[in-house]
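Novice: Sharing input11.txt, compact mmCIF, N, CA and C atoms:
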# COMPACT_ATOMS: atom_id res chain seq x y z
N MET O 1 -44.38 -5.32 13.99
CA MET O 1 -43.65 -4.08 13.95
C MET O 1 -43.02 -3.93 12.56
N PRO O 2 -43.24 -2.82 11.89
CA PRO O 2 -42.70 -2.66 10.55
C PRO O 2 -41.19 -2.51 10.59
N THR O 3 -40.55 -3.05 9.57
CA THR O 3 -39.09 -2.93 9.48
C THR O 3 -38.74 -1.67 8.72
N ALA O 4 -37.68 -1.09 9.13
CA ALA O 4 -37.23 0.13 8.46
C ALA O 4 -36.61 -0.22 7.11
N ALA O 5 -36.94 0.55 6.14
CA ALA O 5 -36.37 0.32 4.81
C ALA O 5 -34.90 0.73 4.82
N ARG O 6 -34.11 -0.08 4.16
CA ARG O 6 -32.69 0.25 4.04
C ARG O 6 -32.52 1.43 3.11
N PRO O 7 -31.73 2.41 3.51
CA PRO O 7 -31.49 3.50 2.57
C PRO O 7 -30.73 2.97 1.36
N SER O 8 -31.08 3.44 0.21
CA SER O 8 -30.40 2.96 -0.99
C SER O 8 -29.00 3.57 -1.07
N ARG O 9 -28.09 2.74 -1.47
CA ARG O 9 -26.71 3.20 -1.64
C ARG O 9 -26.49 3.54 -3.11
N PRO O 10 -25.58 4.46 -3.35
CA PRO O 10 -25.29 4.75 -4.75
C PRO O 10 -24.62 3.55 -5.41
N ALA O 11 -24.86 3.38 -6.67
CA ALA O 11 -24.27 2.26 -7.42
C ALA O 11 -22.76 2.47 -7.50
N ASP O 12 -22.05 1.36 -7.61
CA ASP O 12 -20.60 1.44 -7.76
C ASP O 12 -20.27 2.17 -9.06
N ALA O 13 -19.31 3.04 -8.95
CA ALA O 13 -18.86 3.76 -10.13
C ALA O 13 -17.92 2.87 -10.94
N GLU O 14 -17.75 3.21 -12.17
CA GLU O 14 -16.77 2.51 -12.99
C GLU O 14 -15.38 3.02 -12.65
N ASP O 15 -14.37 2.22 -12.96
CA ASP O 15 -12.99 2.67 -12.75
C ASP O 15 -12.74 3.94 -13.55
N PRO O 16 -11.91 4.85 -13.02
CA PRO O 16 -11.65 6.10 -13.73
C PRO O 16 -11.09 5.89 -15.14
N SER O 17 -10.31 4.83 -15.34
CA SER O 17 -9.81 4.48 -16.67
C SER O 17 -9.49 2.99 -16.67
N PRO O 18 -9.39 2.39 -17.84
CA PRO O 18 -9.13 0.94 -17.88
C PRO O 18 -7.78 0.55 -17.28
N ARG O 19 -6.84 1.45 -17.29
CA ARG O 19 -5.50 1.14 -16.78
C ARG O 19 -5.31 1.51 -15.31
N SER O 20 -6.31 2.08 -14.66
CA SER O 20 -6.10 2.59 -13.30
C SER O 20 -5.78 1.48 -12.31
N ARG O 21 -6.49 0.37 -12.36
CA ARG O 21 -6.21 -0.73 -11.42
C ARG O 21 -4.85 -1.37 -11.68
N PRO O 22 -4.52 -1.72 -12.93
CA PRO O 22 -3.19 -2.31 -13.15
C PRO O 22 -2.04 -1.38 -12.77
N VAL O 23 -2.19 -0.09 -13.00
CA VAL O 23 -1.13 0.85 -12.65
C VAL O 23 -0.99 0.93 -11.12
N ALA O 24 -2.11 1.02 -10.42
CA ALA O 24 -2.05 1.06 -8.95
C ALA O 24 -1.45 -0.22 -8.40
N ALA O 25 -1.84 -1.37 -8.96
CA ALA O 25 -1.28 -2.65 -8.52
C ALA O 25 0.22 -2.73 -8.83
N LEU O 26 0.62 -2.22 -9.98
CA LEU O 26 2.04 -2.22 -10.35
C LEU O 26 2.86 -1.36 -9.39
N LEU O 27 2.32 -0.20 -9.03
CA LEU O 27 3.02 0.67 -8.08
C LEU O 27 3.12 0.02 -6.70
N LEU O 28 2.05 -0.64 -6.26
CA LEU O 28 2.11 -1.36 -4.99
C LEU O 28 3.12 -2.51 -5.08
N GLY O 29 3.15 -3.18 -6.22
CA GLY O 29 4.13 -4.25 -6.42
C GLY O 29 5.56 -3.73 -6.37
N ALA O 30 5.78 -2.54 -6.95
CA ALA O 30 7.11 -1.92 -6.89
C ALA O 30 7.49 -1.59 -5.45
N GLU O 31 6.53 -1.11 -4.68
CA GLU O 31 6.80 -0.84 -3.26
C GLU O 31 7.14 -2.12 -2.52
N ALA O 32 6.42 -3.20 -2.81
CA ALA O 32 6.71 -4.48 -2.17
C ALA O 32 8.12 -4.95 -2.53
N LEU O 33 8.50 -4.78 -3.78
CA LEU O 33 9.85 -5.16 -4.21
C LEU O 33 10.92 -4.33 -3.50
N LEU O 34 10.68 -3.03 -3.37
CA LEU O 34 11.62 -2.17 -2.65
C LEU O 34 11.73 -2.57 -1.18
N LEU O 35 10.62 -2.98 -0.59
CA LEU O 35 10.66 -3.44 0.80
C LEU O 35 11.47 -4.73 0.92
N VAL O 36 11.33 -5.63 -0.04
CA VAL O 36 12.11 -6.88 -0.02
C VAL O 36 13.60 -6.58 -0.17
N VAL O 37 13.94 -5.66 -1.06
CA VAL O 37 15.35 -5.28 -1.26
C VAL O 37 15.91 -4.67 0.03
N THR O 38 15.16 -3.79 0.66
CA THR O 38 15.62 -3.16 1.90
C THR O 38 15.75 -4.18 3.01
N ALA O 39 14.80 -5.09 3.11
CA ALA O 39 14.87 -6.15 4.12
C ALA O 39 16.08 -7.03 3.89
N SER O 40 16.35 -7.36 2.64
CA SER O 40 17.53 -8.17 2.31
C SER O 40 18.81 -7.47 2.71
N TYR O 41 18.86 -6.16 2.48
CA TYR O 41 20.04 -5.38 2.87
C TYR O 41 20.28 -5.50 4.37
N PHE O 42 19.23 -5.33 5.17
CA PHE O 42 19.39 -5.41 6.62
C PHE O 42 19.76 -6.82 7.07
N LEU O 43 19.17 -7.83 6.47
CA LEU O 43 19.51 -9.21 6.85
C LEU O 43 20.96 -9.54 6.48
N LEU O 44 21.40 -9.11 5.31
CA LEU O 44 22.79 -9.34 4.90
C LEU O 44 23.76 -8.53 5.76
N ALA O 45 23.39 -7.31 6.10
CA ALA O 45 24.25 -6.49 6.96
C ALA O 45 24.37 -7.11 8.34
N ALA O 46 23.31 -7.71 8.83
CA ALA O 46 23.36 -8.38 10.13
C ALA O 46 24.25 -9.61 10.06
N ALA O 47 24.16 -10.36 8.97
CA ALA O 47 24.98 -11.57 8.81
C ALA O 47 26.45 -11.22 8.62
N ASP O 48 26.71 -10.09 7.98
CA ASP O 48 28.08 -9.66 7.69
C ASP O 48 28.73 -8.93 8.86
N GLY O 49 27.95 -8.55 9.85
CA GLY O 49 28.49 -7.82 10.99
C GLY O 49 28.47 -6.31 10.81
N GLY O 50 27.83 -5.82 9.75
CA GLY O 50 27.75 -4.38 9.50
C GLY O 50 26.88 -3.66 10.52
N ILE O 51 25.88 -4.34 11.02
CA ILE O 51 25.03 -3.80 12.08
C ILE O 51 24.77 -4.92 13.09
N THR O 52 24.25 -4.55 14.22
CA THR O 52 23.95 -5.53 15.26
C THR O 52 22.99 -6.58 14.71
N ALA O 53 23.29 -7.84 14.99
CA ALA O 53 22.48 -8.93 14.44
C ALA O 53 21.02 -8.81 14.86
N ARG O 54 20.78 -8.49 16.10
CA ARG O 54 19.40 -8.39 16.59
C ARG O 54 18.63 -7.29 15.85
N LEU O 55 19.25 -6.14 15.66
CA LEU O 55 18.61 -5.02 14.95
C LEU O 55 18.37 -5.37 13.48
N GLY O 56 19.39 -5.92 12.83
CA GLY O 56 19.27 -6.26 11.40
C GLY O 56 18.21 -7.30 11.13
N ILE O 57 18.18 -8.34 11.95
CA ILE O 57 17.18 -9.40 11.77
C ILE O 57 15.78 -8.86 12.07
N GLY O 58 15.66 -8.08 13.12
CA GLY O 58 14.36 -7.49 13.48
C GLY O 58 13.82 -6.60 12.37
N LEU O 59 14.68 -5.71 11.86
CA LEU O 59 14.24 -4.83 10.76
C LEU O 59 13.92 -5.63 9.51
N GLY O 60 14.75 -6.63 9.21
CA GLY O 60 14.52 -7.44 8.02
C GLY O 60 13.19 -8.17 8.07
N VAL O 61 12.90 -8.81 9.20
CA VAL O 61 11.64 -9.53 9.34
C VAL O 61 10.46 -8.56 9.30
N PHE O 62 10.58 -7.43 9.98
CA PHE O 62 9.52 -6.41 9.99
C PHE O 62 9.20 -5.95 8.57
N LEU O 63 10.24 -5.65 7.81
CA LEU O 63 10.03 -5.17 6.44
C LEU O 63 9.49 -6.27 5.54
N LEU O 64 9.90 -7.52 5.74
CA LEU O 64 9.37 -8.62 4.94
C LEU O 64 7.88 -8.83 5.20
N LEU O 65 7.46 -8.67 6.45
CA LEU O 65 6.03 -8.80 6.76
C LEU O 65 5.21 -7.73 6.03
N PHE O 66 5.72 -6.51 6.02
CA PHE O 66 5.01 -5.45 5.31
C PHE O 66 5.07 -5.66 3.80
N ALA O 67 6.17 -6.22 3.30
CA ALA O 67 6.26 -6.51 1.87
C ALA O 67 5.19 -7.51 1.46
N VAL O 68 4.95 -8.52 2.30
CA VAL O 68 3.89 -9.49 2.01
C VAL O 68 2.54 -8.79 2.01
N GLY O 69 2.29 -7.93 2.99
CA GLY O 69 1.02 -7.20 3.04
C GLY O 69 0.81 -6.32 1.83
N VAL O 70 1.85 -5.61 1.41
CA VAL O 70 1.72 -4.73 0.24
C VAL O 70 1.55 -5.56 -1.03
N GLY O 71 2.22 -6.70 -1.11
CA GLY O 71 2.04 -7.59 -2.26
C GLY O 71 0.62 -8.13 -2.33
N LEU O 72 0.07 -8.53 -1.18
CA LEU O 72 -1.32 -8.99 -1.15
C LEU O 72 -2.29 -7.85 -1.51
N ALA O 73 -1.95 -6.64 -1.09
CA ALA O 73 -2.79 -5.49 -1.44
C ALA O 73 -2.78 -5.26 -2.95
N ALA O 74 -1.63 -5.43 -3.59
CA ALA O 74 -1.56 -5.27 -5.04
C ALA O 74 -2.44 -6.29 -5.74
N ARG O 75 -2.41 -7.52 -5.27
CA ARG O 75 -3.26 -8.57 -5.84
C ARG O 75 -4.74 -8.24 -5.62
N SER O 76 -5.07 -7.75 -4.44
CA SER O 76 -6.44 -7.41 -4.12
C SER O 76 -6.96 -6.26 -4.97
N VAL O 77 -6.12 -5.29 -5.26
CA VAL O 77 -6.52 -4.16 -6.11
C VAL O 77 -6.90 -4.67 -7.50
N LEU O 78 -6.12 -5.60 -8.03
CA LEU O 78 -6.44 -6.16 -9.34
C LEU O 78 -7.76 -6.94 -9.33
N ALA O 79 -8.05 -7.59 -8.19
CA ALA O 79 -9.27 -8.39 -8.08
C ALA O 79 -10.47 -7.56 -7.61
N ARG O 80 -10.32 -6.26 -7.55
CA ARG O 80 -11.37 -5.34 -7.08
C ARG O 80 -11.78 -5.62 -5.64
N GLY O 81 -10.83 -6.03 -4.82
CA GLY O 81 -11.11 -6.31 -3.42
C GLY O 81 -10.96 -5.06 -2.57
N ARG O 82 -11.63 -5.07 -1.42
CA ARG O 82 -11.59 -3.93 -0.50
C ARG O 82 -10.27 -3.88 0.26
N PHE O 83 -9.67 -5.03 0.55
CA PHE O 83 -8.44 -5.06 1.33
C PHE O 83 -7.35 -4.22 0.67
N GLY O 84 -7.20 -4.36 -0.62
CA GLY O 84 -6.11 -3.69 -1.33
C GLY O 84 -6.17 -2.18 -1.22
N THR O 85 -7.36 -1.62 -1.41
CA THR O 85 -7.47 -0.16 -1.34
C THR O 85 -7.30 0.32 0.09
N GLY O 86 -7.92 -0.36 1.05
CA GLY O 86 -7.82 0.07 2.45
C GLY O 86 -6.42 -0.05 3.00
N PHE O 87 -5.81 -1.22 2.83
CA PHE O 87 -4.44 -1.41 3.31
C PHE O 87 -3.47 -0.52 2.55
N GLY O 88 -3.68 -0.42 1.24
CA GLY O 88 -2.78 0.40 0.42
C GLY O 88 -2.79 1.86 0.82
N ILE O 89 -3.97 2.42 1.06
CA ILE O 89 -4.06 3.82 1.47
C ILE O 89 -3.44 4.01 2.85
N THR O 90 -3.71 3.09 3.77
CA THR O 90 -3.12 3.19 5.11
C THR O 90 -1.60 3.09 5.02
N TRP O 91 -1.11 2.18 4.19
CA TRP O 91 0.34 2.03 4.03
C TRP O 91 0.96 3.31 3.46
N GLN O 92 0.28 3.98 2.55
CA GLN O 92 0.83 5.21 1.97
C GLN O 92 0.96 6.30 3.02
N LEU O 93 0.00 6.39 3.93
CA LEU O 93 0.10 7.38 5.01
C LEU O 93 1.31 7.10 5.89
N PHE O 94 1.51 5.83 6.23
CA PHE O 94 2.67 5.43 7.03
C PHE O 94 3.96 5.71 6.27
N GLN O 95 3.98 5.37 4.99
CA GLN O 95 5.18 5.59 4.19
C GLN O 95 5.50 7.08 4.04
N ALA O 96 4.49 7.92 3.92
CA ALA O 96 4.72 9.37 3.83
C ALA O 96 5.32 9.89 5.12
N LEU O 97 4.86 9.39 6.24
CA LEU O 97 5.42 9.78 7.54
C LEU O 97 6.88 9.36 7.64
N VAL O 98 7.19 8.15 7.23
CA VAL O 98 8.58 7.67 7.27
C VAL O 98 9.44 8.48 6.29
N GLY O 99 8.91 8.77 5.10
CA GLY O 99 9.66 9.56 4.12
C GLY O 99 9.97 10.96 4.63
N ALA O 100 9.01 11.60 5.27
CA ALA O 100 9.25 12.93 5.83
C ALA O 100 10.27 12.86 6.95
N SER O 101 10.24 11.82 7.75
CA SER O 101 11.23 11.65 8.82
C SER O 101 12.62 11.44 8.23
N MET O 102 12.69 10.69 7.14
CA MET O 102 13.98 10.46 6.49
C MET O 102 14.56 11.77 5.96
N ILE O 103 13.71 12.60 5.36
CA ILE O 103 14.18 13.88 4.85
C ILE O 103 14.72 14.75 5.98
N SER O 104 14.00 14.79 7.10
CA SER O 104 14.43 15.64 8.22
C SER O 104 15.69 15.10 8.91
N SER O 105 16.00 13.81 8.71
CA SER O 105 17.21 13.26 9.34
C SER O 105 18.40 13.25 8.39
N GLY O 106 18.26 13.83 7.21
CA GLY O 106 19.39 13.96 6.31
C GLY O 106 19.41 12.98 5.16
N MET O 107 18.49 12.03 5.11
CA MET O 107 18.41 11.08 4.00
C MET O 107 17.46 11.67 2.96
N VAL O 108 17.93 12.71 2.28
CA VAL O 108 17.06 13.53 1.46
C VAL O 108 16.51 12.78 0.24
N TRP O 109 17.37 12.19 -0.58
CA TRP O 109 16.85 11.57 -1.80
C TRP O 109 16.04 10.32 -1.50
N GLN O 110 16.42 9.55 -0.48
CA GLN O 110 15.65 8.36 -0.11
C GLN O 110 14.27 8.76 0.43
N GLY O 111 14.25 9.78 1.29
CA GLY O 111 12.99 10.25 1.84
C GLY O 111 12.10 10.88 0.79
N ALA O 112 12.71 11.63 -0.13
CA ALA O 112 11.93 12.25 -1.21
C ALA O 112 11.32 11.17 -2.11
N LEU O 113 12.07 10.12 -2.39
CA LEU O 113 11.55 9.02 -3.20
C LEU O 113 10.37 8.36 -2.50
N ALA O 114 10.51 8.08 -1.20
CA ALA O 114 9.43 7.45 -0.44
C ALA O 114 8.20 8.36 -0.39
N LEU O 115 8.41 9.64 -0.21
CA LEU O 115 7.31 10.60 -0.10
C LEU O 115 6.57 10.76 -1.44
N VAL O 116 7.32 10.90 -2.52
CA VAL O 116 6.69 11.06 -3.84
C VAL O 116 5.93 9.79 -4.22
N LEU O 117 6.53 8.63 -3.98
CA LEU O 117 5.86 7.37 -4.28
C LEU O 117 4.59 7.22 -3.46
N ALA O 118 4.65 7.60 -2.19
CA ALA O 118 3.48 7.51 -1.32
C ALA O 118 2.35 8.41 -1.83
N ILE O 119 2.67 9.61 -2.25
CA ILE O 119 1.65 10.54 -2.73
C ILE O 119 1.02 10.04 -4.02
N VAL O 120 1.85 9.57 -4.96
CA VAL O 120 1.33 9.09 -6.24
C VAL O 120 0.42 7.88 -6.04
N VAL O 121 0.86 6.92 -5.23
CA VAL O 121 0.05 5.71 -5.02
C VAL O 121 -1.22 6.04 -4.23
N PHE O 122 -1.11 6.94 -3.26
CA PHE O 122 -2.29 7.36 -2.50
C PHE O 122 -3.36 7.93 -3.41
N VAL O 123 -2.97 8.80 -4.32
CA VAL O 123 -3.93 9.42 -5.25
C VAL O 123 -4.54 8.36 -6.16
N ARG O 124 -3.70 7.46 -6.67
CA ARG O 124 -4.20 6.38 -7.53
C ARG O 124 -5.23 5.52 -6.81
N LEU O 125 -4.91 5.12 -5.57
CA LEU O 125 -5.81 4.26 -4.81
C LEU O 125 -7.08 4.99 -4.40
N ALA O 126 -6.96 6.25 -4.05
CA ALA O 126 -8.13 7.03 -3.64
C ALA O 126 -9.13 7.15 -4.79
N ARG O 127 -8.64 7.20 -6.01
CA ARG O 127 -9.53 7.27 -7.18
C ARG O 127 -10.28 5.97 -7.41
N LEU O 128 -9.78 4.86 -6.84
CA LEU O 128 -10.42 3.56 -7.03
C LEU O 128 -11.44 3.21 -5.95
N VAL O 129 -11.53 4.01 -4.91
CA VAL O 129 -12.39 3.66 -3.78
C VAL O 129 -13.84 3.50 -4.20
N ARG O 130 -14.37 4.44 -4.95
CA ARG O 130 -15.80 4.37 -5.33
C ARG O 130 -16.08 3.24 -6.31
N SER O 131 -15.09 2.82 -7.06
CA SER O 131 -15.33 1.76 -8.04
C SER O 131 -15.05 0.36 -7.49
N THR O 132 -14.69 0.28 -6.22
CA THR O 132 -14.47 -1.03 -5.59
C THR O 132 -15.76 -1.42 -4.88
N PRO O 133 -16.34 -2.56 -5.23
CA PRO O 133 -17.63 -2.93 -4.64
C PRO O 133 -17.55 -3.21 -3.15
N LEU O 134 -18.61 -2.86 -2.43
CA LEU O 134 -18.71 -3.20 -1.01
C LEU O 134 -19.00 -4.70 -0.89
N PRO O 135 -18.67 -5.30 0.25
CA PRO O 135 -18.93 -6.74 0.41
C PRO O 135 -20.39 -7.12 0.19
N SER O 136 -21.33 -6.24 0.50
CA SER O 136 -22.74 -6.54 0.31
C SER O 136 -23.14 -6.59 -1.17
N ARG O 137 -22.29 -6.05 -2.03
CA ARG O 137 -22.60 -6.04 -3.46
C ARG O 137 -21.75 -7.01 -4.26
N MET O 138 -21.04 -7.90 -3.58
CA MET O 138 -20.16 -8.83 -4.27
C MET O 138 -20.93 -10.02 -4.84
N ASP O 139 -22.21 -10.16 -4.52
CA ASP O 139 -23.01 -11.32 -4.97
C ASP O 139 -23.21 -11.31 -6.46
Would you mind writing the file's structure down as structure tokens?

Specialist:
Amino acid sequence: MPTAARPSRPADAEDPSPRSRPVAALLLGAEALLLVVTASYFLLAAADGGITARLGIGLGVFLLLFAVGVGLAARSVLARGRFGTGFGITWQLFQALVGASMISSGMVWQGALALVLAIVVFVRLARLVRSTPLPSRMD
């Protein structure tokens, strides 16, 4: 029985500019740093009695886990890995939703910062999708 020929895929495109990957990775790194700062705030507030210990520790650990993921995504973007672009784009959608919720709840400048950062990083990462090799082409 004859085997079907694999359809040819388009070749990987080059990065839009030489600085596009480092800039995207730097922005993801800045987001990871902001997540660590926010997590530290909640952990310290829980220890100080500013908020309920259970809530503060839960939020702190939750944010630290995402900070690790965003940090790994930044590293992956620099290494031309698929994880960084996929996780980074998904994270930006989540961050935009949280930023819009913050704006509607009265945290205007914090929400606007989160929303603008999410849009800028999303656009940067989306431009890198075609230039990131698929796993079948990593050989």

Novice: Rounded to one decimal in Å, what is the spacing between atom CA of O:Phe83 and atom N of O:Gly111?

Specialist: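 Straight-line distance from atom CA of O:Phe83 to atom N of O:Gly111 works out to 27.1 Å.
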
Novice: Ranking O:Gly69, O:Leu63, O:Gly56, O:Ala24 by minimum distance to O:Val37 and counting all atoms listed in the file, which one comes first?

Specialist: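 Among the listed residues, the smallest separation from O:Val37 belongs to O:Leu63.
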
Novice: What box, with edges along x, y and z, holds each listed atom of stretch 94-109 of chain O when 6 Å is added on every side, and can you state its centre and edge lengths in Å to one decimal, as lines of an AutoDock Vina configuration file?

Specialist:
center_x = 10.5
center_y = 10.5
center_z = 3.8
size_x = 29.9
size_y = 22.3
size_z = 23.1

Novice: From the DSSP assignment of the backbone, select every residue of stretch 12-126 of chain O that is helix (DSSP H, G or I), and format the answer as a VMD selection string.

Specialist: chain O and resid 20 to 48 53 to 78 82 to 104 108 to 126

Novice: Can you work out which one of O:Leu115, O:Leu55, O:Val121, O:Val77 has the shortest atom-to-atom distance to O:Leu43, counting all atoms listed in the file?

Specialist: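 So, comparing all the options, the nearest one is O:Leu55.
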
Novice: O:Gly86: which residues within 12 Å, counting only C-alpha atoms, same-chain residues fewer than 2 positions away excluded, as a list in words?

Specialist: Gly69, Val70, Leu72, Ala73, Ala74, Ser76, Val77, Arg80, Gly81, Arg82, Phe83, Gly84, Gly88, Ile89, Thr90, Trp91, Gln92, Leu93, Phe122, Leu125, Ala126, Leu128, Val129, Arg130, Thr132 and Leu134 of chain O

Novice: Just how far from atom CA of O:Glu31 is atom CA of O:Ser101, in Å to one decimal?

Specialist: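 Those two atoms sit 17.9 Å apart.
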
Novice: Between atom N of O:Ala46 and atom N of O:Val98, what is the distance in Å, rounded to a tenth?

Specialist: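 Between atom N of O:Ala46 and atom N of O:Val98 the gap works out to 22.7 Å.
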
Novice: Would you mind telling me which residue in O:Gly60, O:Leu78, O:Thr52, O:Gly106 lies nearest to O:Thr38 when using only N, CA and C atoms?

Specialist: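 Checking each candidate against O:Thr38, we get O:Gly60 as the closest.
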
Novice: Taking all atoms listed in the file into account, name the residue in O:Phe66, O:Val116, O:Ala47, O:Val36 that is nearest to O:Gly99.

Specialist: O:Val116

Novice: Which residue is closest to O:Leu64? Choose from O:Phe94, O:Phe87, O:Trp109, O:Phe42 and count only C-alpha atoms.

Specialist: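 That would be O:Phe42, the residue with the smallest distance to O:Leu64.
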
Novice: Quick one: everything within 10 Å of O:Ala30, counting only C-alpha atoms, minus sequence neighbours fewer than 2 positions away in the same chain. Send it as an NGL selection string.

Specialist: :O and (24-28 or 32-36 or 67 or 70-71 or 74 or 117)

Novice: Output file request: stretch 90-109 of chain O, with N, CA, C and O atoms, as a tab-separated table (two decimals), in the first residue's frame.

Specialist:
chain	number	residue	atom	x	y	z
O	90	THR	N	-0.21	32.72	26.07
O	90	THR	CA	-1.32	32.35	26.94
O	90	THR	C	-1.31	33.19	28.21
O	90	THR	O	-2.36	33.65	28.67
O	91	TRP	N	-0.13	33.42	28.77
O	91	TRP	CA	-0.02	34.24	29.97
O	91	TRP	C	-0.49	35.67	29.69
O	91	TRP	O	-1.14	36.29	30.54
O	92	GLN	N	-0.19	36.21	28.53
O	92	GLN	CA	-0.60	37.58	28.21
O	92	GLN	C	-2.12	37.70	28.14
O	92	GLN	O	-2.70	38.71	28.56
O	93	LEU	N	-2.78	36.68	27.61
O	93	LEU	CA	-4.25	36.70	27.58
O	93	LEU	C	-4.82	36.71	28.99
O	93	LEU	O	-5.75	37.46	29.30
O	94	PHE	N	-4.26	35.89	29.86
O	94	PHE	CA	-4.69	35.84	31.26
O	94	PHE	C	-4.41	37.17	31.94
O	94	PHE	O	-5.24	37.71	32.65
O	95	GLN	N	-3.23	37.72	31.70
O	95	GLN	CA	-2.86	38.99	32.32
O	95	GLN	C	-3.75	40.13	31.83
O	95	GLN	O	-4.12	41.02	32.61
O	96	ALA	N	-4.13	40.13	30.57
O	96	ALA	CA	-5.03	41.16	30.04
O	96	ALA	C	-6.39	41.08	30.72
O	96	ALA	O	-6.99	42.11	31.06
O	97	LEU	N	-6.87	39.87	30.93
O	97	LEU	CA	-8.14	39.68	31.63
O	97	LEU	C	-8.06	40.20	33.06
O	97	LEU	O	-8.96	40.91	33.53
O	98	VAL	N	-6.98	39.89	33.75
O	98	VAL	CA	-6.81	40.37	35.13
O	98	VAL	C	-6.67	41.90	35.14
O	98	VAL	O	-7.26	42.58	35.98
O	99	GLY	N	-5.92	42.46	34.18
O	99	GLY	CA	-5.77	43.91	34.10
O	99	GLY	C	-7.09	44.62	33.87
O	99	GLY	O	-7.38	45.64	34.49
O	100	ALA	N	-7.91	44.08	32.98
O	100	ALA	CA	-9.23	44.68	32.73
O	100	ALA	C	-10.10	44.58	33.97
O	100	ALA	O	-10.84	45.54	34.29
O	101	SER	N	-10.02	43.49	34.69
O	101	SER	CA	-10.79	43.34	35.93
O	101	SER	C	-10.32	44.33	36.99
O	101	SER	O	-11.13	44.88	37.74
O	102	MET	N	-9.01	44.56	37.04
O	102	MET	CA	-8.47	45.53	38.00
O	102	MET	C	-8.98	46.94	37.68
O	102	MET	O	-9.33	47.69	38.60
O	103	ILE	N	-9.01	47.29	36.40
O	103	ILE	CA	-9.50	48.61	36.01
O	103	ILE	C	-10.97	48.77	36.42
O	103	ILE	O	-11.36	49.81	36.97
O	104	SER	N	-11.78	47.74	36.17
O	104	SER	CA	-13.21	47.85	36.49
O	104	SER	C	-13.47	47.85	37.99
O	104	SER	O	-14.53	48.28	38.42
O	105	SER	N	-12.50	47.38	38.80
O	105	SER	CA	-12.71	47.37	40.25
O	105	SER	C	-12.08	48.59	40.93
O	105	SER	O	-12.05	48.66	42.15
O	106	GLY	N	-11.57	49.53	40.15
O	106	GLY	CA	-11.06	50.77	40.73
O	106	GLY	C	-9.55	50.86	40.83
O	106	GLY	O	-9.02	51.89	41.23
O	107	MET	N	-8.83	49.81	40.51
O	107	MET	CA	-7.36	49.84	40.53
O	107	MET	C	-6.89	50.25	39.13
O	107	MET	O	-6.34	49.44	38.38
O	108	VAL	N	-7.10	51.52	38.81
O	108	VAL	CA	-6.95	51.98	37.43
O	108	VAL	C	-5.51	51.92	36.94
O	108	VAL	O	-5.22	51.32	35.91
O	109	TRP	N	-4.57	52.54	37.66
O	109	TRP	CA	-3.21	52.58	37.13
O	109	TRP	C	-2.55	51.20	37.15
O	109	TRP	O	-1.78	50.87	36.24
